[in-house]
$ cat final_10.cif   # mmCIF, C-alpha atoms
data_coords
loop_
_atom_site.label_atom_id
_atom_site.label_comp_id
_atom_site.auth_asym_id
_atom_site.auth_seq_id
_atom_site.Cartn_x
_atom_site.Cartn_y
_atom_site.Cartn_z
CA MET A 19 18.39 12.70 -47.62
CA ARG A 20 19.50 12.27 -44.05
CA MET A 21 21.98 10.11 -42.22
CA THR A 22 22.77 10.19 -38.53
CA SER A 23 25.50 8.91 -36.29
CA SER A 24 24.53 10.84 -33.20
CA THR A 25 21.26 11.78 -31.54
CA PRO A 26 20.30 15.00 -29.79
CA ALA A 27 19.53 14.78 -26.10
CA LEU A 28 15.83 14.90 -25.24
CA GLY A 29 16.09 18.41 -23.83
CA THR A 30 17.41 19.90 -27.09
CA LEU A 31 14.06 19.76 -28.86
CA THR A 32 10.65 20.03 -27.28
CA ALA A 33 7.25 19.33 -28.82
CA GLU A 34 7.11 22.98 -29.95
CA GLY A 35 7.75 23.05 -33.68
CA SER A 36 7.23 19.32 -34.06
CA SER A 37 4.12 17.78 -35.55
CA LEU A 38 4.89 14.18 -34.56
CA GLN A 39 1.58 12.48 -33.74
CA ALA A 40 2.59 8.81 -33.33
CA VAL A 41 5.44 6.32 -33.57
CA LEU A 42 4.85 3.05 -35.42
CA LEU A 43 7.35 0.28 -34.72
CA ASP A 44 8.18 -2.96 -36.47
CA MET A 45 8.86 -5.96 -34.22
CA ASP A 46 11.17 -8.70 -35.56
CA GLY A 47 14.69 -7.43 -36.08
CA THR A 48 13.74 -3.91 -34.94
CA LEU A 49 12.64 -4.18 -31.30
CA VAL A 50 13.63 -7.80 -30.77
CA ASP A 51 16.69 -9.55 -32.13
CA THR A 52 14.81 -12.47 -33.69
CA GLU A 53 15.74 -12.50 -37.37
CA ASP A 54 18.12 -15.38 -36.61
CA PHE A 55 15.21 -17.16 -34.88
CA TRP A 56 13.17 -17.12 -38.09
CA TRP A 57 16.02 -18.34 -40.27
CA ASP A 58 16.88 -21.08 -37.79
CA ALA A 59 13.22 -22.18 -37.72
CA GLU A 60 13.05 -22.20 -41.52
CA SER A 61 16.35 -24.09 -41.83
CA GLU A 62 15.26 -26.70 -39.29
CA ALA A 63 11.86 -27.19 -40.92
CA PHE A 64 13.37 -27.75 -44.36
CA ALA A 65 16.11 -29.99 -42.98
CA GLU A 66 13.34 -32.24 -41.65
CA LEU A 67 11.93 -32.24 -45.19
CA GLY A 68 15.32 -33.21 -46.61
CA HIS A 69 16.41 -29.82 -47.95
CA VAL A 70 19.22 -27.39 -47.15
CA LEU A 71 18.46 -23.68 -47.48
CA LYS A 72 20.94 -21.47 -49.30
CA ASP A 73 22.27 -18.45 -47.40
CA GLU A 74 21.37 -16.08 -50.23
CA TRP A 75 17.70 -16.99 -49.83
CA ARG A 76 17.70 -15.31 -46.44
CA GLN A 77 17.86 -11.89 -48.13
CA VAL A 78 14.67 -12.77 -50.03
CA VAL A 79 12.54 -13.93 -47.11
CA VAL A 80 13.60 -11.45 -44.40
CA GLY A 81 10.92 -8.96 -43.37
CA GLY A 82 8.20 -10.36 -45.60
CA PRO A 83 4.83 -11.90 -44.79
CA MET A 84 4.84 -15.57 -43.83
CA THR A 85 2.95 -16.68 -46.94
CA ARG A 86 5.44 -14.99 -49.26
CA SER A 87 8.47 -16.41 -47.44
CA ALA A 88 6.97 -19.89 -47.22
CA GLY A 89 5.93 -19.85 -50.86
CA PHE A 90 9.36 -18.77 -52.03
CA LEU A 91 11.17 -21.44 -50.02
CA ILE A 92 8.81 -24.19 -51.18
CA GLU A 93 9.31 -23.17 -54.79
CA ALA A 94 13.09 -22.85 -54.39
CA THR A 95 13.50 -26.26 -52.74
CA GLU A 96 10.59 -28.06 -54.44
CA ALA A 97 9.71 -29.42 -50.99
CA ASP A 98 6.62 -31.60 -50.71
CA ILE A 99 4.61 -29.36 -48.37
CA THR A 100 1.86 -26.74 -48.78
CA VAL A 101 2.15 -23.10 -47.75
CA ASP A 102 -0.49 -23.61 -45.05
CA GLU A 103 1.30 -26.66 -43.64
CA LEU A 104 4.65 -24.90 -43.64
CA THR A 105 3.19 -21.79 -42.00
CA VAL A 106 1.91 -23.86 -39.07
CA LEU A 107 5.26 -25.64 -38.77
CA LEU A 108 7.31 -22.43 -38.86
CA ASN A 109 5.09 -20.65 -36.32
CA ALA A 110 5.43 -23.63 -33.96
CA LYS A 111 9.22 -23.75 -34.29
CA PHE A 112 9.53 -19.98 -33.90
CA THR A 113 7.27 -19.89 -30.83
CA GLU A 114 9.32 -22.68 -29.27
CA ARG A 115 12.41 -20.49 -29.62
CA LEU A 116 10.62 -17.44 -28.19
CA ARG A 117 9.72 -19.32 -25.03
CA ARG A 118 13.42 -19.80 -24.29
CA GLY A 119 13.79 -16.03 -24.04
CA VAL A 120 13.75 -13.10 -26.45
CA PRO A 121 16.70 -10.68 -26.64
CA LEU A 122 15.57 -7.07 -27.06
CA ALA A 123 17.52 -4.93 -29.50
CA PRO A 124 19.95 -2.44 -27.89
CA GLY A 125 18.05 0.72 -27.00
CA ALA A 126 14.59 -0.82 -27.47
CA ARG A 127 13.52 -0.88 -23.82
CA ARG A 128 14.77 2.66 -23.22
CA LEU A 129 12.98 4.02 -26.31
CA LEU A 130 9.66 2.34 -25.50
CA THR A 131 9.84 3.61 -21.92
CA GLU A 132 10.60 7.15 -23.10
CA LEU A 133 7.71 7.20 -25.56
CA ARG A 134 5.29 5.93 -22.90
CA LEU A 135 6.62 8.40 -20.31
CA HIS A 136 5.91 11.32 -22.64
CA GLY A 137 2.50 10.03 -23.75
CA VAL A 138 3.42 9.50 -27.41
CA PRO A 139 0.88 7.19 -29.11
CA THR A 140 2.59 4.03 -30.31
CA ALA A 141 1.73 1.02 -32.45
CA LEU A 142 3.47 -2.31 -32.92
CA VAL A 143 3.17 -3.18 -36.61
CA SER A 144 4.32 -6.67 -37.56
CA ALA A 145 4.11 -9.06 -40.49
CA SER A 146 4.16 -11.94 -37.99
CA HIS A 147 0.95 -13.75 -37.08
CA ARG A 148 -1.10 -12.74 -34.02
CA GLU A 149 0.02 -15.74 -31.95
CA ILE A 150 3.65 -14.68 -32.47
CA VAL A 151 2.93 -11.02 -31.70
CA ASP A 152 1.12 -11.90 -28.47
CA GLU A 153 3.96 -14.18 -27.39
CA MET A 154 6.50 -11.41 -28.10
CA LEU A 155 4.47 -8.87 -26.15
CA LYS A 156 5.28 -10.84 -23.01
CA SER A 157 8.88 -9.70 -23.44
CA LEU A 158 8.25 -6.26 -24.93
CA GLY A 159 5.46 -5.31 -22.55
CA ALA A 160 1.96 -4.85 -23.98
CA GLU A 161 1.62 -1.69 -21.88
CA HIS A 162 4.04 0.09 -24.23
CA PHE A 163 1.62 -0.02 -27.17
CA ASP A 164 -1.75 1.59 -27.81
CA VAL A 165 -2.34 -0.54 -30.92
CA THR A 166 -0.86 -3.80 -32.22
CA ILE A 167 -1.20 -5.01 -35.82
CA ALA A 168 -0.42 -8.59 -36.88
CA GLY A 169 0.26 -9.80 -40.41
CA ASP A 170 -2.61 -12.30 -40.50
CA GLU A 171 -5.19 -9.65 -39.58
CA LEU A 172 -5.01 -7.77 -42.88
CA SER A 173 -5.58 -8.94 -46.44
CA ARG A 174 -2.34 -7.21 -47.49
CA THR A 175 0.72 -6.80 -45.30
CA LYS A 176 4.21 -5.39 -45.88
CA PRO A 177 5.51 -4.18 -48.35
CA HIS A 178 2.00 -2.79 -48.92
CA PRO A 179 1.16 0.33 -46.90
CA ASP A 180 -1.96 -1.23 -45.32
CA PRO A 181 -0.41 -2.16 -41.92
CA TYR A 182 0.91 1.34 -41.30
CA LEU A 183 -2.17 3.08 -42.68
CA THR A 184 -4.31 0.89 -40.39
CA ALA A 185 -2.15 1.65 -37.36
CA ALA A 186 -2.25 5.40 -38.02
CA ARG A 187 -6.02 5.32 -38.50
CA ARG A 188 -6.57 3.43 -35.24
CA LEU A 189 -4.42 5.97 -33.42
CA GLY A 190 -6.27 8.87 -35.06
CA ALA A 191 -3.00 10.10 -36.58
CA ASP A 192 -2.08 11.50 -39.99
CA PRO A 193 0.41 9.06 -41.60
CA ALA A 194 2.52 12.03 -42.74
CA ARG A 195 2.94 12.96 -39.08
CA CYS A 196 3.97 9.47 -37.99
CA ALA A 197 7.50 8.11 -37.60
CA VAL A 198 7.98 4.48 -38.66
CA ILE A 199 10.91 2.45 -37.34
CA GLU A 200 11.89 -0.56 -39.48
CA ASP A 201 14.83 -2.91 -40.10
CA THR A 202 14.17 -4.38 -43.56
CA VAL A 203 13.75 -3.12 -47.12
CA THR A 204 10.25 -4.64 -47.14
CA GLY A 205 9.21 -2.80 -44.00
CA VAL A 206 10.76 0.47 -45.13
CA ALA A 207 8.82 0.20 -48.41
CA ALA A 208 5.58 -0.26 -46.44
CA GLY A 209 6.24 2.78 -44.25
CA GLU A 210 7.16 4.97 -47.19
CA ALA A 211 4.17 3.81 -49.24
CA ALA A 212 1.98 4.87 -46.31
CA GLY A 213 3.51 8.36 -46.47
CA CYS A 214 5.30 8.17 -43.11
CA GLN A 215 8.75 9.42 -42.14
CA VAL A 216 10.88 6.27 -41.89
CA VAL A 217 13.83 5.48 -39.63
CA ALA A 218 15.70 2.42 -40.89
CA VAL A 219 17.80 0.31 -38.51
CA PRO A 220 19.18 -2.33 -40.90
CA SER A 221 19.43 -5.87 -39.50
CA VAL A 222 20.13 -8.49 -42.19
CA SER A 223 20.32 -6.44 -45.41
CA PRO A 224 21.81 -2.95 -45.92
CA ILE A 225 19.44 -0.03 -46.48
CA GLU A 226 20.46 3.22 -48.14
CA ALA A 227 19.39 6.68 -47.01
CA ALA A 228 16.83 8.43 -49.23
CA GLU A 229 14.40 11.32 -49.24
CA GLY A 230 12.08 10.93 -46.25
CA ARG A 231 14.23 8.09 -44.87
CA THR A 232 16.85 8.22 -42.12
CA VAL A 233 19.30 5.37 -41.59
CA VAL A 234 20.82 4.69 -38.16
CA LYS A 235 23.05 1.91 -36.88
CA SER A 236 21.07 1.14 -33.72
CA LEU A 237 18.02 2.17 -31.71
CA GLU A 238 20.51 3.61 -29.25
CA GLU A 239 20.75 6.53 -31.70
CA VAL A 240 17.00 7.13 -31.56
CA ASN A 241 15.10 9.08 -28.92
CA LEU A 242 11.96 11.22 -28.79
CA ALA A 243 13.76 14.46 -29.62
CA PHE A 244 15.28 12.85 -32.70
CA LEU A 245 11.90 11.50 -33.88
CA ARG A 246 10.28 14.88 -33.34
CA SER A 247 13.02 16.51 -35.42
CA LEU A 248 12.02 14.34 -38.40
CA VAL A 249 8.39 15.48 -38.41
CA MET A 250 8.43 19.24 -38.23
CA VAL A 251 5.64 21.80 -38.66
CA PRO A 252 6.17 23.56 -42.03
CA HIS A 253 7.17 27.22 -41.72
#
$ encode --input "final_10.cif" --output "structure tokens"
Amino acid sequence: MRMTSSTPALGTLTAEGSSLQAVLLDMDGTLVDTEDFWWDAESEAFAELGHVLKDEWRQVVVGGPMTRSAGFLIEATEADITVDELTVLLNAKFTERLRRGVPLAPGARRLLTELRLHGVPTALVSASHREIVDEMLKSLGAEHFDVTIAGDELSRTKPHPDPYLTAARRLGADPARCAVIEDTVTGVAAGEAAGCQVVAVPSVSPIEAAEGRTVVKSLEEVNLAFLRSLVMVPH
């Protein structure tokens, strides 16, 4: 079990002794501060349908695939709309918000730049649909990622391990030698099921430290030396 409140400077740990092969990063709530965007879009959509969403439902839908979130909210409100119809509506409302500007999470730009500077293979692994991922890449910078995975491109997305296993495979990396960075319980479960070392940066719901899981307060606590320290060559 590991917790951290401070991060070693880059120079304190080199690649020697580390077996880190790739870094796999979640998008919403991890690199970009958009979890409020999704909830606002969901609340607005259901208000137009004559329903008010309960705050406690937010804990259920955060970090999950669109179909799961949409299905839960339809069932909870008994709204007269299909999952497919709601998915289109939510994506449209979310994209509209993205076009007004996307705030990056503190430390995100610096971390992505550092990983690229040192040639560390990276993947963006999201449960959001491809149209959302591509729109977000305009703010994040597509040049920072070797691979991008969207939730509607796989038959199973988070909390299943498939997205992270797919990303590792496309990068030619061993999942056990990959660091996953996530903000939700759902995403953390996916990374751990894939056999990766997971760094949790909780956004909406708290996440406890556990074996193979490190919890930090912000990406400002994460740098390449820190990630390398999590994936060490066995002695």
$ closest_residue --input "final_10.cif" --among "A:Leu43, A:Leu38, A:Val222, A:Ala110" --to "A:Asp73" --atoms "only C-alpha atoms"
A:Val222
$ resolve_selection --input "final_10.cif" --expression "the PyMOL selection byres ((chain A and resi 160) around 12)" --output "PyMOL selection string"
chain A and resi 130-131+134+140-142+151-159+161-166
$ write_last_selection --input "final_10.cif" --atoms "C-alpha atoms" --output "PDB file, in the coordinates of the input"
ATOM      1  CA  LEU A 130       9.660   2.340 -25.500  1.00  0.00           C
ATOM      2  CA  THR A 131       9.840   3.610 -21.920  1.00  0.00           C
ATOM      3  CA  ARG A 134       5.290   5.930 -22.900  1.00  0.00           C
ATOM      4  CA  THR A 140       2.590   4.030 -30.310  1.00  0.00           C
ATOM      5  CA  ALA A 141       1.730   1.020 -32.450  1.00  0.00           C
ATOM      6  CA  LEU A 142       3.470  -2.310 -32.920  1.00  0.00           C
ATOM      7  CA  VAL A 151       2.930 -11.020 -31.700  1.00  0.00           C
ATOM      8  CA  ASP A 152       1.120 -11.900 -28.470  1.00  0.00           C
ATOM      9  CA  GLU A 153       3.960 -14.180 -27.390  1.00  0.00           C
ATOM     10  CA  MET A 154       6.500 -11.410 -28.100  1.00  0.00           C
ATOM     11  CA  LEU A 155       4.470  -8.870 -26.150  1.00  0.00           C
ATOM     12  CA  LYS A 156       5.280 -10.840 -23.010  1.00  0.00           C
ATOM     13  CA  SER A 157       8.880  -9.700 -23.440  1.00  0.00           C
ATOM     14  CA  LEU A 158       8.250  -6.260 -24.930  1.00  0.00           C
ATOM     15  CA  GLY A 159       5.460  -5.310 -22.550  1.00  0.00           C
ATOM     16  CA  GLU A 161       1.620  -1.690 -21.880  1.00  0.00           C
ATOM     17  CA  HIS A 162       4.040   0.090 -24.230  1.00  0.00           C
ATOM     18  CA  PHE A 163       1.620  -0.020 -27.170  1.00  0.00           C
ATOM     19  CA  ASP A 164      -1.750   1.590 -27.810  1.00  0.00           C
ATOM     20  CA  VAL A 165      -2.340  -0.540 -30.920  1.00  0.00           C
ATOM     21  CA  THR A 166      -0.860  -3.800 -32.220  1.00  0.00           C
TER      22      THR A 166
END
$ closest_residue --input "final_10.cif" --among "A:Gly213, A:Pro220, A:Pro124, A:Gly137" --to "A:Asp201" --atoms "only C-alpha atoms"
A:Pro220
$ residues_near_point --input "final_10.cif" --point "(15.3, -20.9, -43.5)" --cutoff "10 Å" --atoms "all atoms listed in the file" --output "PDB file with C-alpha atoms, in the frame of the given file"
ATOM      1  CA  ASP A  54      18.120 -15.380 -36.610  1.00  0.00           C
ATOM      2  CA  PHE A  55      15.210 -17.160 -34.880  1.00  0.00           C
ATOM      3  CA  TRP A  56      13.170 -17.120 -38.090  1.00  0.00           C
ATOM      4  CA  TRP A  57      16.020 -18.340 -40.270  1.00  0.00           C
ATOM      5  CA  ASP A  58      16.880 -21.080 -37.790  1.00  0.00           C
ATOM      6  CA  ALA A  59      13.220 -22.180 -37.720  1.00  0.00           C
ATOM      7  CA  GLU A  60      13.050 -22.200 -41.520  1.00  0.00           C
ATOM      8  CA  SER A  61      16.350 -24.090 -41.830  1.00  0.00           C
ATOM      9  CA  GLU A  62      15.260 -26.700 -39.290  1.00  0.00           C
ATOM     10  CA  ALA A  63      11.860 -27.190 -40.920  1.00  0.00           C
ATOM     11  CA  PHE A  64      13.370 -27.750 -44.360  1.00  0.00           C
ATOM     12  CA  ALA A  65      16.110 -29.990 -42.980  1.00  0.00           C
ATOM     13  CA  VAL A  70      19.220 -27.390 -47.150  1.00  0.00           C
ATOM     14  CA  LEU A  71      18.460 -23.680 -47.480  1.00  0.00           C
ATOM     15  CA  LYS A  72      20.940 -21.470 -49.300  1.00  0.00           C
ATOM     16  CA  ASP A  73      22.270 -18.450 -47.400  1.00  0.00           C
ATOM     17  CA  TRP A  75      17.700 -16.990 -49.830  1.00  0.00           C
ATOM     18  CA  ARG A  76      17.700 -15.310 -46.440  1.00  0.00           C
ATOM     19  CA  VAL A  79      12.540 -13.930 -47.110  1.00  0.00           C
ATOM     20  CA  VAL A  80      13.600 -11.450 -44.400  1.00  0.00           C
ATOM     21  CA  SER A  87       8.470 -16.410 -47.440  1.00  0.00           C
ATOM     22  CA  ALA A  88       6.970 -19.890 -47.220  1.00  0.00           C
ATOM     23  CA  LEU A  91      11.170 -21.440 -50.020  1.00  0.00           C
ATOM     24  CA  LEU A 108       7.310 -22.430 -38.860  1.00  0.00           C
TER      25      LEU A 108
END
$ atom_distance --input "final_10.cif" --atom1 "atom CA of A:Val203" --atom2 "atom CA of A:Pro177"
8.4 Å
$ residues_around --input "final_10.cif" --residues "A:Ala145" --least-positions-apart "5" --cutoff "7 Å" --atoms "only C-alpha atoms" --output "list in words"
Gly82, Pro83, Ala168, Gly169, Thr175 and Lys176 of chain A
$ resolve_selection --input "final_10.cif" --expression "the PyMOL selection byres ((chain A and resi 184-200) around 8)" --output "mmCIF file with C-alpha atoms, in the frame of the given file"
data_model
loop_
_atom_site.group_PDB
_atom_site.id
_atom_site.type_symbol
_atom_site.label_atom_id
_atom_site.label_comp_id
_atom_site.auth_asym_id
_atom_site.auth_seq_id
_atom_site.Cartn_x
_atom_site.Cartn_y
_atom_site.Cartn_z
ATOM 1 C CA SER A 37 4.120 17.780 -35.550
ATOM 2 C CA LEU A 38 4.890 14.180 -34.560
ATOM 3 C CA GLN A 39 1.580 12.480 -33.740
ATOM 4 C CA ALA A 40 2.590 8.810 -33.330
ATOM 5 C CA VAL A 41 5.440 6.320 -33.570
ATOM 6 C CA LEU A 42 4.850 3.050 -35.420
ATOM 7 C CA LEU A 43 7.350 0.280 -34.720
ATOM 8 C CA ASP A 44 8.180 -2.960 -36.470
ATOM 9 C CA THR A 48 13.740 -3.910 -34.940
ATOM 10 C CA PRO A 139 0.880 7.190 -29.110
ATOM 11 C CA THR A 140 2.590 4.030 -30.310
ATOM 12 C CA ALA A 141 1.730 1.020 -32.450
ATOM 13 C CA VAL A 143 3.170 -3.180 -36.610
ATOM 14 C CA ASP A 164 -1.750 1.590 -27.810
ATOM 15 C CA VAL A 165 -2.340 -0.540 -30.920
ATOM 16 C CA THR A 166 -0.860 -3.800 -32.220
ATOM 17 C CA ILE A 167 -1.200 -5.010 -35.820
ATOM 18 C CA ASP A 180 -1.960 -1.230 -45.320
ATOM 19 C CA PRO A 181 -0.410 -2.160 -41.920
ATOM 20 C CA TYR A 182 0.910 1.340 -41.300
ATOM 21 C CA LEU A 183 -2.170 3.080 -42.680
ATOM 22 C CA ASP A 201 14.830 -2.910 -40.100
ATOM 23 C CA THR A 202 14.170 -4.380 -43.560
ATOM 24 C CA GLY A 205 9.210 -2.800 -44.000
ATOM 25 C CA VAL A 206 10.760 0.470 -45.130
ATOM 26 C CA GLY A 209 6.240 2.780 -44.250
ATOM 27 C CA ALA A 212 1.980 4.870 -46.310
ATOM 28 C CA GLY A 213 3.510 8.360 -46.470
ATOM 29 C CA CYS A 214 5.300 8.170 -43.110
ATOM 30 C CA GLN A 215 8.750 9.420 -42.140
ATOM 31 C CA VAL A 216 10.880 6.270 -41.890
ATOM 32 C CA VAL A 217 13.830 5.480 -39.630
ATOM 33 C CA ALA A 218 15.700 2.420 -40.890
ATOM 34 C CA VAL A 219 17.800 0.310 -38.510
ATOM 35 C CA PRO A 220 19.180 -2.330 -40.900
ATOM 36 C CA LEU A 245 11.900 11.500 -33.880
ATOM 37 C CA LEU A 248 12.020 14.340 -38.400
ATOM 38 C CA VAL A 249 8.390 15.480 -38.410
#
$ closest_residue --input "final_10.cif" --among "A:Val101, A:Asp46, A:Gly230, A:Val106" --to "A:Ser146" --atoms "all atoms listed in the file"
A:Asp46
$ atom_distance --input "final_10.cif" --atom1 "atom CA of A:His147" --atom2 "atom CA of A:Asp170"
5.1 Å
$ atom_distance --input "final_10.cif" --atom1 "atom CA of A:Ser144" --atom2 "atom CA of A:Ala208"
11.0 Å
$ build_atoms --input "final_10.cif" --residues "stretch 58-70 of chain A" --atoms "N, CA, C and O atoms" --output "mmCIF file, keeping the file's coordinate frame"
data_model
loop_
_atom_site.group_PDB
_atom_site.id
_atom_site.type_symbol
_atom_site.label_atom_id
_atom_site.label_comp_id
_atom_site.auth_asym_id
_atom_site.auth_seq_id
_atom_site.Cartn_x
_atom_site.Cartn_y
_atom_site.Cartn_z
ATOM 1 N N ASP A 58 16.610 -19.785 -38.416
ATOM 2 C CA ASP A 58 16.880 -21.080 -37.790
ATOM 3 C C ASP A 58 15.650 -21.988 -37.871
ATOM 4 O O ASP A 58 15.769 -23.194 -38.129
ATOM 5 N N ALA A 59 14.460 -21.395 -37.637
ATOM 6 C CA ALA A 59 13.220 -22.180 -37.720
ATOM 7 C C ALA A 59 12.992 -22.680 -39.141
ATOM 8 O O ALA A 59 12.611 -23.840 -39.358
ATOM 9 N N GLU A 60 13.228 -21.803 -40.116
ATOM 10 C CA GLU A 60 13.050 -22.200 -41.520
ATOM 11 C C GLU A 60 14.057 -23.278 -41.920
ATOM 12 O O GLU A 60 13.701 -24.266 -42.576
ATOM 13 N N SER A 61 15.308 -23.105 -41.492
ATOM 14 C CA SER A 61 16.350 -24.090 -41.830
ATOM 15 C C SER A 61 16.046 -25.449 -41.216
ATOM 16 O O SER A 61 16.206 -26.499 -41.869
ATOM 17 N N GLU A 62 15.586 -25.440 -39.970
ATOM 18 C CA GLU A 62 15.260 -26.700 -39.290
ATOM 19 C C GLU A 62 14.078 -27.397 -39.952
ATOM 20 O O GLU A 62 14.092 -28.616 -40.151
ATOM 21 N N ALA A 63 13.053 -26.616 -40.295
ATOM 22 C CA ALA A 63 11.860 -27.190 -40.920
ATOM 23 C C ALA A 63 12.221 -27.853 -42.254
ATOM 24 O O ALA A 63 11.770 -28.971 -42.541
ATOM 25 N N PHE A 64 13.025 -27.179 -43.050
ATOM 26 C CA PHE A 64 13.370 -27.750 -44.360
ATOM 27 C C PHE A 64 14.376 -28.889 -44.241
ATOM 28 O O PHE A 64 14.365 -29.812 -45.067
ATOM 29 N N ALA A 65 15.203 -28.862 -43.205
ATOM 30 C CA ALA A 65 16.110 -29.990 -42.980
ATOM 31 C C ALA A 65 15.307 -31.251 -42.698
ATOM 32 O O ALA A 65 15.654 -32.344 -43.171
ATOM 33 N N GLU A 66 14.205 -31.098 -41.943
ATOM 34 C CA GLU A 66 13.340 -32.240 -41.650
ATOM 35 C C GLU A 66 12.647 -32.756 -42.914
ATOM 36 O O GLU A 66 12.243 -33.915 -42.980
ATOM 37 N N LEU A 67 12.538 -31.860 -43.918
ATOM 38 C CA LEU A 67 11.930 -32.240 -45.190
ATOM 39 C C LEU A 67 12.982 -32.717 -46.196
ATOM 40 O O LEU A 67 12.664 -33.038 -47.344
ATOM 41 N N GLY A 68 14.241 -32.709 -45.752
ATOM 42 C CA GLY A 68 15.320 -33.210 -46.610
ATOM 43 C C GLY A 68 15.950 -32.164 -47.510
ATOM 44 O O GLY A 68 16.538 -32.505 -48.543
ATOM 45 N N HIS A 69 15.860 -30.902 -47.125
ATOM 46 C CA HIS A 69 16.410 -29.820 -47.950
ATOM 47 C C HIS A 69 17.310 -28.908 -47.130
ATOM 48 O O HIS A 69 17.072 -28.681 -45.940
ATOM 49 N N VAL A 70 18.324 -28.359 -47.781
ATOM 50 C CA VAL A 70 19.220 -27.390 -47.150
ATOM 51 C C VAL A 70 18.976 -26.028 -47.783
ATOM 52 O O VAL A 70 19.002 -25.895 -49.022
#
